[in-house]
$ cat final09.tsv   # TSV, C-alpha atoms
chain	number	residue	atom	x	y	z
E	189	MET	CA	16.01	85.58	145.19
E	190	ARG	CA	13.90	86.56	142.19
E	191	ALA	CA	12.99	82.96	141.30
E	192	PHE	CA	12.43	82.08	144.95
E	193	PHE	CA	9.92	84.92	145.37
E	194	ALA	CA	7.96	83.87	142.27
E	195	GLU	CA	8.03	80.24	143.41
E	196	SER	CA	6.81	81.21	146.90
E	197	ALA	CA	4.08	83.42	145.47
E	198	GLY	CA	2.89	80.66	143.14
E	199	ALA	CA	2.81	78.12	145.98
E	200	ALA	CA	0.86	80.51	148.19
E	201	ALA	CA	-1.60	81.15	145.35
E	202	LYS	CA	-2.30	77.43	144.93
E	203	PHE	CA	-3.04	77.20	148.65
E	204	LEU	CA	-5.29	80.29	148.53
E	205	ALA	CA	-7.14	78.99	145.46
E	206	ARG	CA	-8.32	75.85	147.24
E	207	PRO	CA	-12.02	75.94	148.20
E	208	ASP	CA	-11.03	75.28	151.82
E	209	GLY	CA	-8.00	77.57	151.68
E	210	PRO	CA	-7.53	80.89	153.45
E	211	ARG	CA	-9.14	84.01	152.02
E	212	ILE	CA	-6.23	86.34	152.83
E	213	GLY	CA	-2.49	85.83	152.44
E	214	ALA	CA	0.58	88.02	152.85
E	215	LEU	CA	4.05	87.82	151.34
E	216	ALA	CA	7.03	90.08	151.99
E	217	TYR	CA	9.87	90.82	149.61
E	218	ASP	CA	12.69	92.78	151.23
E	219	GLY	CA	15.41	94.87	149.68
E	220	TRP	CA	13.52	97.89	148.38
E	221	ASP	CA	15.61	100.36	150.40
E	222	THR	CA	17.47	101.63	147.34
E	223	HIS	CA	19.82	104.30	148.71
E	224	GLN	CA	22.40	103.53	146.03
E	225	ASP	CA	22.65	102.18	142.49
E	226	GLU	CA	18.88	102.21	142.12
E	227	GLY	CA	18.83	102.08	138.30
E	228	ALA	CA	15.33	101.77	136.88
E	229	VAL	CA	16.67	100.01	133.77
E	230	GLY	CA	19.61	97.91	134.98
E	231	GLY	CA	20.06	98.51	138.70
E	232	ARG	CA	18.54	97.17	141.90
E	233	LEU	CA	15.14	98.69	141.23
E	234	ALA	CA	14.91	96.96	137.84
E	235	ALA	CA	15.72	93.61	139.48
E	236	LEU	CA	13.18	94.19	142.25
E	237	LEU	CA	10.43	95.20	139.84
E	238	GLY	CA	11.22	92.18	137.67
E	239	ALA	CA	10.89	89.91	140.70
E	240	LEU	CA	7.58	91.53	141.61
E	241	ASP	CA	6.34	91.04	138.05
E	242	GLY	CA	7.32	87.36	138.20
E	243	ALA	CA	5.57	86.93	141.55
E	244	LEU	CA	2.35	88.53	140.29
E	245	ALA	CA	2.42	86.29	137.21
E	246	ALA	CA	2.95	83.25	139.45
E	247	ILE	CA	0.02	84.29	141.64
E	248	GLU	CA	-2.24	84.62	138.61
E	249	ALA	CA	-1.15	81.22	137.30
E	250	GLY	CA	-1.40	79.58	140.73
E	251	MET	CA	-4.87	80.93	141.40
E	252	GLY	CA	-6.21	79.35	138.23
E	253	PRO	CA	-9.95	80.02	137.81
E	254	ALA	CA	-10.04	81.69	141.26
E	255	TRP	CA	-8.02	84.58	139.76
E	256	SER	CA	-11.30	86.11	138.58
E	257	GLU	CA	-12.29	86.51	142.25
E	258	THR	CA	-8.86	87.66	143.45
E	259	ALA	CA	-7.61	91.06	144.62
E	260	VAL	CA	-3.89	91.51	145.25
E	261	ALA	CA	-2.53	94.62	147.00
E	262	VAL	CA	1.13	95.57	146.63
E	263	VAL	CA	2.14	98.09	149.30
E	264	THR	CA	5.23	99.42	151.04
E	265	GLU	CA	5.74	101.02	154.42
E	266	PHE	CA	7.50	104.12	153.10
E	267	GLY	CA	8.14	106.05	149.93
E	268	ARG	CA	11.29	107.31	148.29
E	269	THR	CA	12.51	110.87	147.84
E	270	ALA	CA	11.60	112.67	144.63
E	271	ARG	CA	15.23	113.40	143.77
E	272	ILE	CA	18.16	111.05	143.14
E	273	ASN	CA	20.91	111.31	145.74
E	274	GLY	CA	24.70	111.40	145.22
E	275	THR	CA	25.02	107.60	145.10
E	276	GLU	CA	22.44	107.15	142.32
E	277	GLY	CA	19.64	106.07	144.63
E	278	THR	CA	16.84	107.64	146.60
E	279	ASP	CA	16.42	108.06	150.32
E	280	HIS	CA	13.44	107.42	152.57
E	281	GLY	CA	10.51	109.55	151.53
E	282	THR	CA	6.93	110.09	152.57
E	283	ALA	CA	4.37	109.29	149.87
E	284	THR	CA	4.41	106.05	147.92
E	285	VAL	CA	2.31	104.05	145.49
E	286	ALA	CA	0.02	101.07	145.98
E	287	LEU	CA	-0.82	98.65	143.19
E	288	LEU	CA	-3.96	96.53	142.96
E	289	ALA	CA	-4.11	93.52	140.64
E	290	GLY	CA	-6.39	90.57	140.10
E	291	GLY	CA	-9.52	89.57	138.30
E	292	ALA	CA	-11.73	91.17	140.96
E	293	VAL	CA	-10.05	94.57	140.61
E	294	LYS	CA	-11.60	97.34	138.53
E	295	GLY	CA	-8.29	98.02	136.86
E	296	GLY	CA	-6.89	99.81	133.87
E	297	ARG	CA	-6.68	103.18	135.60
E	298	VAL	CA	-4.62	105.31	137.94
E	299	LEU	CA	-6.33	106.87	140.94
E	300	ALA	CA	-4.39	109.81	142.28
E	301	ASP	CA	-4.32	113.41	143.38
E	302	TRP	CA	-1.06	114.22	141.62
E	303	PRO	CA	0.60	117.22	143.30
E	304	GLY	CA	3.62	117.21	140.98
E	305	VAL	CA	7.32	117.05	141.74
E	306	GLY	CA	8.23	120.70	141.29
E	307	ASP	CA	10.03	122.14	144.30
E	308	VAL	CA	6.98	124.13	145.37
E	309	HIS	CA	4.85	120.96	145.42
E	310	LEU	CA	7.18	118.71	147.40
E	311	TYR	CA	6.44	117.81	151.00
E	312	GLU	CA	9.17	119.26	153.23
E	313	GLY	CA	11.00	120.27	150.04
E	314	ARG	CA	12.04	116.71	149.18
E	315	ASP	CA	9.17	114.21	149.06
E	316	LEU	CA	6.07	113.59	147.02
E	317	LYS	CA	3.11	114.85	149.05
E	318	PRO	CA	0.84	112.15	150.43
E	319	THR	CA	-2.69	112.78	149.13
E	320	ILE	CA	-4.56	109.50	149.69
E	321	ASP	CA	-4.46	107.53	152.93
E	322	LEU	CA	-3.33	103.97	152.13
E	323	ARG	CA	-5.69	102.71	154.83
E	324	ALA	CA	-8.60	104.09	152.77
E	325	VAL	CA	-7.48	102.03	149.77
E	326	LEU	CA	-7.07	98.84	151.77
E	327	LYS	CA	-10.32	99.45	153.65
E	328	GLY	CA	-12.09	99.85	150.31
E	329	VAL	CA	-10.83	96.48	149.10
E	330	LEU	CA	-11.60	94.74	152.39
E	331	LYS	CA	-15.07	96.26	152.70
E	332	ASP	CA	-16.24	95.71	149.14
E	333	HIS	CA	-14.39	92.49	148.32
E	334	LEU	CA	-14.48	90.58	151.61
E	335	ARG	CA	-17.53	92.37	153.01
E	336	LEU	CA	-15.80	93.47	156.22
E	337	ASP	CA	-17.76	95.87	158.37
E	338	GLU	CA	-16.62	99.50	158.19
E	339	GLU	CA	-16.66	99.86	161.98
E	340	ALA	CA	-14.50	96.75	162.40
E	341	LEU	CA	-12.07	98.11	159.80
E	342	ALA	CA	-11.71	101.39	161.73
E	343	SER	CA	-11.44	99.82	165.18
E	344	HIS	CA	-9.76	96.41	164.75
E	345	VAL	CA	-8.05	96.15	161.38
E	346	PHE	CA	-6.76	99.74	161.31
E	347	PRO	CA	-7.30	100.90	164.92
E	348	GLY	CA	-7.97	104.59	165.41
E	349	SER	CA	-8.61	105.30	161.73
E	350	PRO	CA	-12.26	106.42	161.51
E	351	LEU	CA	-11.34	109.41	159.32
E	352	ALA	CA	-9.83	107.16	156.64
E	353	LYS	CA	-13.07	106.15	154.89
E	354	PRO	CA	-13.05	103.08	152.61
E	355	MET	CA	-12.37	104.09	149.01
E	356	PRO	CA	-15.26	102.79	146.90
E	357	GLY	CA	-15.19	101.26	143.43
E	358	LEU	CA	-11.88	99.42	143.57
E	359	VAL	CA	-13.24	95.91	143.06
E	360	THR	CA	-16.03	94.39	141.00
E	361	SER	CA	-19.32	93.54	142.68
E	362	ALA	CA	-19.59	90.01	144.00
$ encode --input "final09.tsv" --output "structure tokens"
Amino acid sequence: MRAFFAESAGAAAKFLARPDGPRIGALAYDGWDTHQDEGAVGGRLAALLGALDGALAAIEAGMGPAWSETAVAVVTEFGRTARINGTEGTDHGTATVALLAGGAVKGGRVLADWPGVGDVHLYEGRDLKPTIDLRAVLKGVLKDHLRLDEEALASHVFPGSPLAKPMPGLVTSA
């Protein structure tokens, strides 16, 4: 599966890099529901992260010179709990992380409101507290990189989300 994901990502990148190619693409990589044997070094999580790393490298290679104008968002629909469960995994949680990569991204930094993982700081006593709306991150990329209108983002791309304002400064100026 790992090689297949990198191969698919690289093929998609070559298609996206064409002057007449699409400007937005999406890939899904399933299997991140690590309730057991998660293992950051040698378990399922290590394999998944390795596959993601290979896919991002394949996208960069496949984009060629267009990489300098590329923004890649890596997102998930849910987080994991802050504590390991009895089967050496984590259960469904609330907050998560999003990664941005690409030549158009103002990278080399972590943007966060870190609440901490002490018991007093956990959401519902078990999860990392969500502090940044993921829609704000994605809106920031779409607004500044693809020049999408803020009103369209709030009404059509992310309906009913006018309070999630686009996060500025995530990509380089075009």
$ closest_residue --input "final09.tsv" --among "E:Ala254, E:Leu237, E:Leu322, E:Ala197" --to "Phe346 (chain E)" --atoms "all atoms listed in the file"
E:Leu322
$ residues_around --input "final09.tsv" --residues "region 274-282 of chain E" --least-positions-apart "6" --cutoff "6 Å" --atoms "all atoms listed in the file" --output "list of chain:residue names"
E:Thr222, E:His223, E:Gln224, E:Asp225, E:Glu226, E:Gly267, E:Arg268, E:Asp315
$ write_last_selection --input "final09.tsv" --atoms "C-alpha atoms" --output "PDB file, keeping the file's coordinate frame"
ATOM      1  CA  THR E 222      17.470 101.630 147.340  1.00  0.00           C
ATOM      2  CA  HIS E 223      19.820 104.300 148.710  1.00  0.00           C
ATOM      3  CA  GLN E 224      22.400 103.530 146.030  1.00  0.00           C
ATOM      4  CA  ASP E 225      22.650 102.180 142.490  1.00  0.00           C
ATOM      5  CA  GLU E 226      18.880 102.210 142.120  1.00  0.00           C
ATOM      6  CA  GLY E 267       8.140 106.050 149.930  1.00  0.00           C
ATOM      7  CA  ARG E 268      11.290 107.310 148.290  1.00  0.00           C
ATOM      8  CA  ASP E 315       9.170 114.210 149.060  1.00  0.00           C
TER       9      ASP E 315
END
$ residues_around --input "final09.tsv" --residues "Arg206 (chain E)" --least-positions-apart "2" --cutoff "12 Å" --atoms "only C-alpha atoms" --output "list in words"
Ala199, Ala200, Ala201, Lys202, Phe203, Leu204, Asp208, Gly209, Pro210, Arg211, Gly250, Met251, Gly252, Pro253, Ala254 and Trp255 of chain E
$ residues_around --input "final09.tsv" --residues "Met355 (chain E)" --least-positions-apart "6" --cutoff "6 Å" --atoms "only C-alpha atoms" --output "compact mmCIF listing (two decimals) with C-alpha atoms, keeping the file's coordinate frame"
# COMPACT_ATOMS: atom_id res chain seq x y z
CA ALA E 324 -8.60 104.09 152.77
CA VAL E 325 -7.48 102.03 149.77
CA GLY E 328 -12.09 99.85 150.31
$ residues_around --input "final09.tsv" --residues "Gly291 (chain E)" --least-positions-apart "3" --cutoff "10 Å" --atoms "only C-alpha atoms" --output "MDAnalysis selection string"
chainID E and resid 248 253:260 294:295 359:360
$ atom_distance --input "final09.tsv" --atom1 "CA of Gly213 (chain E)" --atom2 "CA of Ala228 (chain E)"
28.5 Å
$ closest_residue --input "final09.tsv" --among "E:Arg323, E:Lys331, E:Arg297, E:Arg271" --to "Leu310 (chain E)" --atoms "all atoms listed in the file"
E:Arg271
$ atom_distance --input "final09.tsv" --atom1 "CA of Asp321 (chain E)" --atom2 "CA of Gly219 (chain E)"
23.8 Å
$ closest_residue --input "final09.tsv" --among "E:Ala342, E:Leu288, E:Ala300, E:Leu316" --to "Leu358 (chain E)" --atoms "all atoms listed in the file"
E:Leu288
$ residues_around --input "final09.tsv" --residues "Gly304 (chain E)" --least-positions-apart "3" --cutoff "10 Å" --atoms "all atoms listed in the file" --output "MDAnalysis selection string"
chainID E and resid 270 301 307:310 316:317
$ atom_distance --input "final09.tsv" --atom1 "CA of Thr269 (chain E)" --atom2 "CA of Gly242 (chain E)"
25.9 Å
$ closest_residue --input "final09.tsv" --among "E:Ala289, E:Val262, E:Leu341, E:Leu240" --to "Ala214 (chain E)" --atoms "only C-alpha atoms"
E:Val262
$ closest_residue --input "final09.tsv" --among "E:Ala261, E:Val305, E:Gly313, E:Ile247" --to "Lys327 (chain E)" --atoms "all atoms listed in the file"
E:Ala261
$ residues_near_point --input "final09.tsv" --point "(5.8, 85.2, 142.8)" --cutoff "6 Å" --atoms "all atoms listed in the file" --output "NGL selection string"
:E and (193-198 or 242-244 or 246-247)
$ closest_residue --input "final09.tsv" --among "E:Ser343, E:Asn273, E:Thr264, E:Thr319" --to "Leu215 (chain E)" --atoms "only C-alpha atoms"
E:Thr264
